[in-house]
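A short worksheet on the structure shown next.
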Amino acid sequence: MPSSSPSPSPSRRVALAIDALRHGWPIAIDGAFTLFPAETGFGPDVTARRMLISSARAATLKLANQREAAVPEAPVLIRAAEPFDPDLARAVADPALDLNFPMKGPFAAEPLADENAAGAAIAAMELARLAGILPAFLVDPEPAGEVQSVSAADLAEWQDPARLNIASRARLPVSASENAEIIAFRSADDMREHVALVIGTQDGARAPLVRLHSECLTGDILGSLKCDCGPQLDAALAAMADEAQAGGWGVLLYMRQEGRGIGLINKLRAYQLQDQGFDTVDANNRLGLPNEARDFPVAARMLELLGVSSIRLLTNNPAKVSALEAAGVVIAKRVPHQLPANPHNARYLDTKRDRSGHLL
């Protein structure tokens, strides 16, 4: 009697769905939709009567106020007079094409059928973010081809921070302090490997000075002047070294969450929009992406694995304090972390203060 193959695990289904989106292949979510990624999908014979776009992109296209959402901030279904093909879908999805295709539409927004459809649509936007592509899809395309199935429940299990564990640790003298240890964290499901740098001798009786720093290739490595990430990282390590010399200790959590979670390519797209005059918040919104997409429960899990429950947090962002507290971390004190502006990042810092609530 032939043996049947076991069905893929939830984590495998999510990994396959992310891979499918990066390759431009369709996915099906919760039986609600078959979705073809607008950015990466190609094929002259692929068309669809509807598109699914994020609520932020819909607001940019003046469509969000046309529909009633079963779930607030849910993505938006849009329909055009003629079917969407991949070229038109990309023009709708990508704000870099707005000047080349200014007269898109007219489009009509449709309500999502029910909460199941809304949940599937929200999961689709999150999968697009994890894949690093624009959050826009052709809906129920013709022809669809081979489809990878996944569910919102699969995604929730894949994102469970409890699946993160310590993979390795080693002594790592750094320029700020020769007494440092690096600890690498890995989940079986997520290819991103976060690290912690412990400076000084870990002391369970003292709340360490902690900096949660999201990866920034342009600022941390290339010395970009458009943000303050590189100087903030250097200043945090220096502050932790001073803390260690005074008998305390510090922890840098270096999170693989480029662009506050939207990914490197989408961050560079946001830079293009900033060069056109949009601030960081509006640039992300025009891309259809959130201004804040970092995974703070992962940071809380890293601290838990290090045996840290109470911290002094080096940040100017009250929302970061609230997010970590919601994830179970006790913030004994918020320690300000302000650095001087330069001509290239002054507006960026003003936007942090005026639109994101940073205490600058």
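Labeling convention for the structure tokens: chains A, B, ... as they appear, residues from 1 per chain, ligands from 1 in order of appearance.
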Set the distance at 10 Å and use only C-alpha atoms: which residues neighbour Asp242 in chain A once local chain neighbours fewer than 6 positions away are removed? I'd like the list as a short mmCIF file (atom, residue, chain, number, x, y, z; two decimals) with N, CA and C atoms, in the first residue's frame.
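Contents of the output file out.cif:
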data_model
loop_
_atom_site.label_atom_id
_atom_site.label_comp_id
_atom_site.auth_asym_id
_atom_site.auth_seq_id
_atom_site.Cartn_x
_atom_site.Cartn_y
_atom_site.Cartn_z
N ALA A 176 34.85 49.36 21.71
CA ALA A 176 34.30 50.05 22.88
C ALA A 176 34.70 49.39 24.19
N SER A 177 34.87 48.06 24.16
CA SER A 177 35.19 47.33 25.39
C SER A 177 35.80 45.98 25.05
N ILE A 199 28.18 43.72 27.36
CA ILE A 199 29.41 44.45 27.71
C ILE A 199 29.50 44.51 29.23
N GLY A 200 30.63 44.08 29.77
CA GLY A 200 30.79 43.98 31.21
C GLY A 200 30.38 42.60 31.70
N ALA A 236 25.79 54.18 22.03
CA ALA A 236 25.24 53.17 22.94
C ALA A 236 26.35 52.27 23.45
N GLY A 248 28.68 48.26 36.44
CA GLY A 248 27.43 47.75 35.88
C GLY A 248 27.69 46.94 34.62
N TRP A 249 26.68 46.86 33.80
CA TRP A 249 26.83 46.12 32.55
C TRP A 249 25.77 46.59 31.56
N GLY A 250 25.97 46.23 30.30
CA GLY A 250 25.03 46.66 29.26
C GLY A 250 24.77 45.55 28.26
#
Give me the residues near Ala332 in chain A as a list in words, where near means some atom within 12 Å (using only C-alpha atoms) and where sequence neighbours in that chain fewer than 6 positions away do not count.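 My list of contacting residues is Arg206, Ala207, Pro208, Leu209, Val210, Val308, Ser309, Ser310, Ile311, Arg312, Leu313, Leu314, Val321, Leu324 and Glu325 of chain A.
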What does the file look like for those residues with C-alpha atoms, as a PDB file, in the first residue's frame?
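This went into out-v6.pdb:
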ATOM      1  CA  ARG A 206      21.534  45.022  38.525  1.00  0.00           C
ATOM      2  CA  ALA A 207      19.249  46.180  35.737  1.00  0.00           C
ATOM      3  CA  PRO A 208      21.511  46.465  32.675  1.00  0.00           C
ATOM      4  CA  LEU A 209      21.669  49.428  30.348  1.00  0.00           C
ATOM      5  CA  VAL A 210      19.985  48.094  27.182  1.00  0.00           C
ATOM      6  CA  VAL A 308      17.081  39.646  32.074  1.00  0.00           C
ATOM      7  CA  SER A 309      13.668  40.817  33.286  1.00  0.00           C
ATOM      8  CA  SER A 310      14.268  44.471  34.252  1.00  0.00           C
ATOM      9  CA  ILE A 311      16.233  46.957  32.168  1.00  0.00           C
ATOM     10  CA  ARG A 312      17.233  50.569  31.850  1.00  0.00           C
ATOM     11  CA  LEU A 313      16.331  51.300  28.234  1.00  0.00           C
ATOM     12  CA  LEU A 314      18.468  53.637  26.160  1.00  0.00           C
ATOM     13  CA  VAL A 321       9.056  51.535  26.023  1.00  0.00           C
ATOM     14  CA  LEU A 324       8.564  46.188  25.371  1.00  0.00           C
ATOM     15  CA  GLU A 325       6.415  46.563  28.488  1.00  0.00           C
TER      16      GLU A 325
END
Taking only residues of range 243-342 of chain A that have an atom at most 9 Å from an atom of range 195-198 of chain A, what is each one's shortest atom pair and its distance in Å to one decimal, using only C-alpha atoms, in chain and number order, as JSON lines?
{"residue": "A:Trp249", "atom": "CA", "partner": "A:Val198", "partner_atom": "CA", "distance": 7.4}
{"residue": "A:Gly250", "atom": "CA", "partner": "A:Val198", "partner_atom": "CA", "distance": 5.8}
{"residue": "A:Val251", "atom": "CA", "partner": "A:Val198", "partner_atom": "CA", "distance": 4.6}
{"residue": "A:Leu252", "atom": "CA", "partner": "A:Leu197", "partner_atom": "CA", "distance": 5.0}
{"residue": "A:Leu253", "atom": "CA", "partner": "A:Ala196", "partner_atom": "CA", "distance": 4.5}
{"residue": "A:Tyr254", "atom": "CA", "partner": "A:Val195", "partner_atom": "CA", "distance": 5.3}
{"residue": "A:Met255", "atom": "CA", "partner": "A:Val195", "partner_atom": "CA", "distance": 6.8}
{"residue": "A:Arg256", "atom": "CA", "partner": "A:Val195", "partner_atom": "CA", "distance": 8.4}
{"residue": "A:Met302", "atom": "CA", "partner": "A:Ala196", "partner_atom": "CA", "distance": 7.9}
{"residue": "A:Leu303", "atom": "CA", "partner": "A:Ala196", "partner_atom": "CA", "distance": 8.9}
Output file for the residues above (C-alpha atoms, as a PDB file, in the first residue's frame):
ATOM      1  CA  TRP A 249      26.830  46.118  32.548  1.00  0.00           C
ATOM      2  CA  GLY A 250      25.032  46.659  29.264  1.00  0.00           C
ATOM      3  CA  VAL A 251      23.271  44.717  26.536  1.00  0.00           C
ATOM      4  CA  LEU A 252      22.995  45.696  22.886  1.00  0.00           C
ATOM      5  CA  LEU A 253      20.192  43.817  21.119  1.00  0.00           C
ATOM      6  CA  TYR A 254      21.020  43.997  17.401  1.00  0.00           C
ATOM      7  CA  MET A 255      17.805  43.106  15.580  1.00  0.00           C
ATOM      8  CA  ARG A 256      17.757  41.989  11.950  1.00  0.00           C
ATOM      9  CA  MET A 302      16.092  37.542  23.713  1.00  0.00           C
ATOM     10  CA  LEU A 303      16.165  39.255  27.100  1.00  0.00           C
TER      11      LEU A 303
END
May I have the residues within 10 Å of range 33-39 of chain A as a PyMOL selection string, using only C-alpha atoms and disregarding those fewer than 6 positions away in the same chain? chain A and resi 20-27+46-48+51-53+84-94+117+120-121+124+128+133-142+144-145+147-149
For Ala235 in chain A: contacts at 9 Å, only C-alpha atoms, fewer than 4 positions along chain excluded, given as a PyMOL selection string: chain A and resi 230-231+239-240+337+339
Determine, using only C-alpha atoms, which residues of range 306-331 of chain A have any atom at most 12 Å from an atom of range 161-173 of chain A, and tabulate each with its shortest atom pair and distance in Å to one decimal place, rows ordered by chain and then rising number, as a Markdown table.
| residue | atom | partner | partner_atom | distance |
| --- | --- | --- | --- | --- |
| A:Leu306 | CA | A:Ile166 | CA | 8.8 |
| A:Gly307 | CA | A:Ile166 | CA | 11.8 |
| A:Ala327 | CA | A:Pro161 | CA | 10.3 |
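Of the listed residues (A:Asn291, A:Gln257, A:Ser11, A:Asn316), A:Gln257 comes nearest to Leu130 in chain A; the distances count only C-alpha atoms.
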Just the strand (DSSP E or B) stuff from range 50-275 of chain A, please, per backbone DSSP, written as a VMD selection string. chain A and resid 50 to 53 76 to 84 107 to 110 136 to 139 142 148 to 150 164 to 171 180 to 187 194 to 200 209 to 214 249 to 255
Output C-alpha atoms for every residue in that selection, as a PDB file, in the first residue's frame.
ATOM      1  CA  ARG A  50      -9.551  42.815  -8.537  1.00  0.00           C
ATOM      2  CA  MET A  51      -6.468  43.873  -6.587  1.00  0.00           C
ATOM      3  CA  LEU A  52      -5.725  43.766  -2.865  1.00  0.00           C
ATOM      4  CA  ILE A  53      -3.696  46.705  -1.530  1.00  0.00           C
ATOM      5  CA  VAL A  76      -8.650  47.188   0.528  1.00  0.00           C
ATOM      6  CA  LEU A  77     -10.023  45.341  -2.495  1.00  0.00           C
ATOM      7  CA  ILE A  78     -10.171  47.476  -5.621  1.00  0.00           C
ATOM      8  CA  ARG A  79     -11.806  46.872  -8.995  1.00  0.00           C
ATOM      9  CA  ALA A  80     -11.221  48.626 -12.323  1.00  0.00           C
ATOM     10  CA  ALA A  81     -13.285  48.863 -15.482  1.00  0.00           C
ATOM     11  CA  GLU A  82     -10.776  46.610 -17.248  1.00  0.00           C
ATOM     12  CA  PRO A  83      -8.918  43.627 -15.776  1.00  0.00           C
ATOM     13  CA  PHE A  84      -5.572  44.223 -14.101  1.00  0.00           C
ATOM     14  CA  PHE A 107     -11.034  52.307  -9.287  1.00  0.00           C
ATOM     15  CA  ALA A 108     -13.826  51.298  -6.960  1.00  0.00           C
ATOM     16  CA  ALA A 109     -13.122  49.925  -3.491  1.00  0.00           C
ATOM     17  CA  GLU A 110     -15.056  46.871  -2.334  1.00  0.00           C
ATOM     18  CA  ALA A 136      -0.167  44.503  -3.392  1.00  0.00           C
ATOM     19  CA  PHE A 137      -1.702  41.491  -5.120  1.00  0.00           C
ATOM     20  CA  LEU A 138      -3.829  40.476  -8.053  1.00  0.00           C
ATOM     21  CA  VAL A 139      -6.821  38.620  -6.582  1.00  0.00           C
ATOM     22  CA  GLU A 142      -6.426  33.906 -14.442  1.00  0.00           C
ATOM     23  CA  GLN A 148       1.043  27.567  -2.303  1.00  0.00           C
ATOM     24  CA  SER A 149      -1.561  27.425   0.482  1.00  0.00           C
ATOM     25  CA  VAL A 150      -1.070  29.085   3.860  1.00  0.00           C
ATOM     26  CA  LEU A 164      13.700  31.618  19.211  1.00  0.00           C
ATOM     27  CA  ASN A 165      16.662  30.137  21.134  1.00  0.00           C
ATOM     28  CA  ILE A 166      20.339  30.803  21.742  1.00  0.00           C
ATOM     29  CA  ALA A 167      22.393  29.193  18.978  1.00  0.00           C
ATOM     30  CA  SER A 168      25.934  30.178  19.937  1.00  0.00           C
ATOM     31  CA  ARG A 169      27.967  32.533  22.089  1.00  0.00           C
ATOM     32  CA  ALA A 170      31.591  33.649  22.195  1.00  0.00           C
ATOM     33  CA  ARG A 171      33.914  36.227  23.731  1.00  0.00           C
ATOM     34  CA  ALA A 180      32.289  41.750  25.713  1.00  0.00           C
ATOM     35  CA  GLU A 181      30.433  38.605  24.725  1.00  0.00           C
ATOM     36  CA  ILE A 182      28.320  38.057  21.619  1.00  0.00           C
ATOM     37  CA  ILE A 183      25.286  35.777  21.696  1.00  0.00           C
ATOM     38  CA  ALA A 184      23.500  34.652  18.529  1.00  0.00           C
ATOM     39  CA  PHE A 185      19.812  33.741  18.464  1.00  0.00           C
ATOM     40  CA  ARG A 186      18.054  31.639  15.869  1.00  0.00           C
ATOM     41  CA  SER A 187      14.597  30.283  15.162  1.00  0.00           C
ATOM     42  CA  HIS A 194      19.572  38.331  15.826  1.00  0.00           C
ATOM     43  CA  VAL A 195      22.485  38.947  18.174  1.00  0.00           C
ATOM     44  CA  ALA A 196      23.118  40.428  21.610  1.00  0.00           C
ATOM     45  CA  LEU A 197      26.369  42.002  22.715  1.00  0.00           C
ATOM     46  CA  VAL A 198      26.867  41.899  26.489  1.00  0.00           C
ATOM     47  CA  ILE A 199      29.406  44.448  27.712  1.00  0.00           C
ATOM     48  CA  GLY A 200      30.788  43.984  31.208  1.00  0.00           C
ATOM     49  CA  LEU A 209      21.669  49.428  30.348  1.00  0.00           C
ATOM     50  CA  VAL A 210      19.985  48.094  27.182  1.00  0.00           C
ATOM     51  CA  ARG A 211      19.829  49.426  23.645  1.00  0.00           C
ATOM     52  CA  LEU A 212      17.437  47.814  21.167  1.00  0.00           C
ATOM     53  CA  HIS A 213      19.024  48.638  17.807  1.00  0.00           C
ATOM     54  CA  SER A 214      17.461  47.666  14.505  1.00  0.00           C
ATOM     55  CA  TRP A 249      26.830  46.118  32.548  1.00  0.00           C
ATOM     56  CA  GLY A 250      25.032  46.659  29.264  1.00  0.00           C
ATOM     57  CA  VAL A 251      23.271  44.717  26.536  1.00  0.00           C
ATOM     58  CA  LEU A 252      22.995  45.696  22.886  1.00  0.00           C
ATOM     59  CA  LEU A 253      20.192  43.817  21.119  1.00  0.00           C
ATOM     60  CA  TYR A 254      21.020  43.997  17.401  1.00  0.00           C
ATOM     61  CA  MET A 255      17.805  43.106  15.580  1.00  0.00           C
TER      62      MET A 255
END
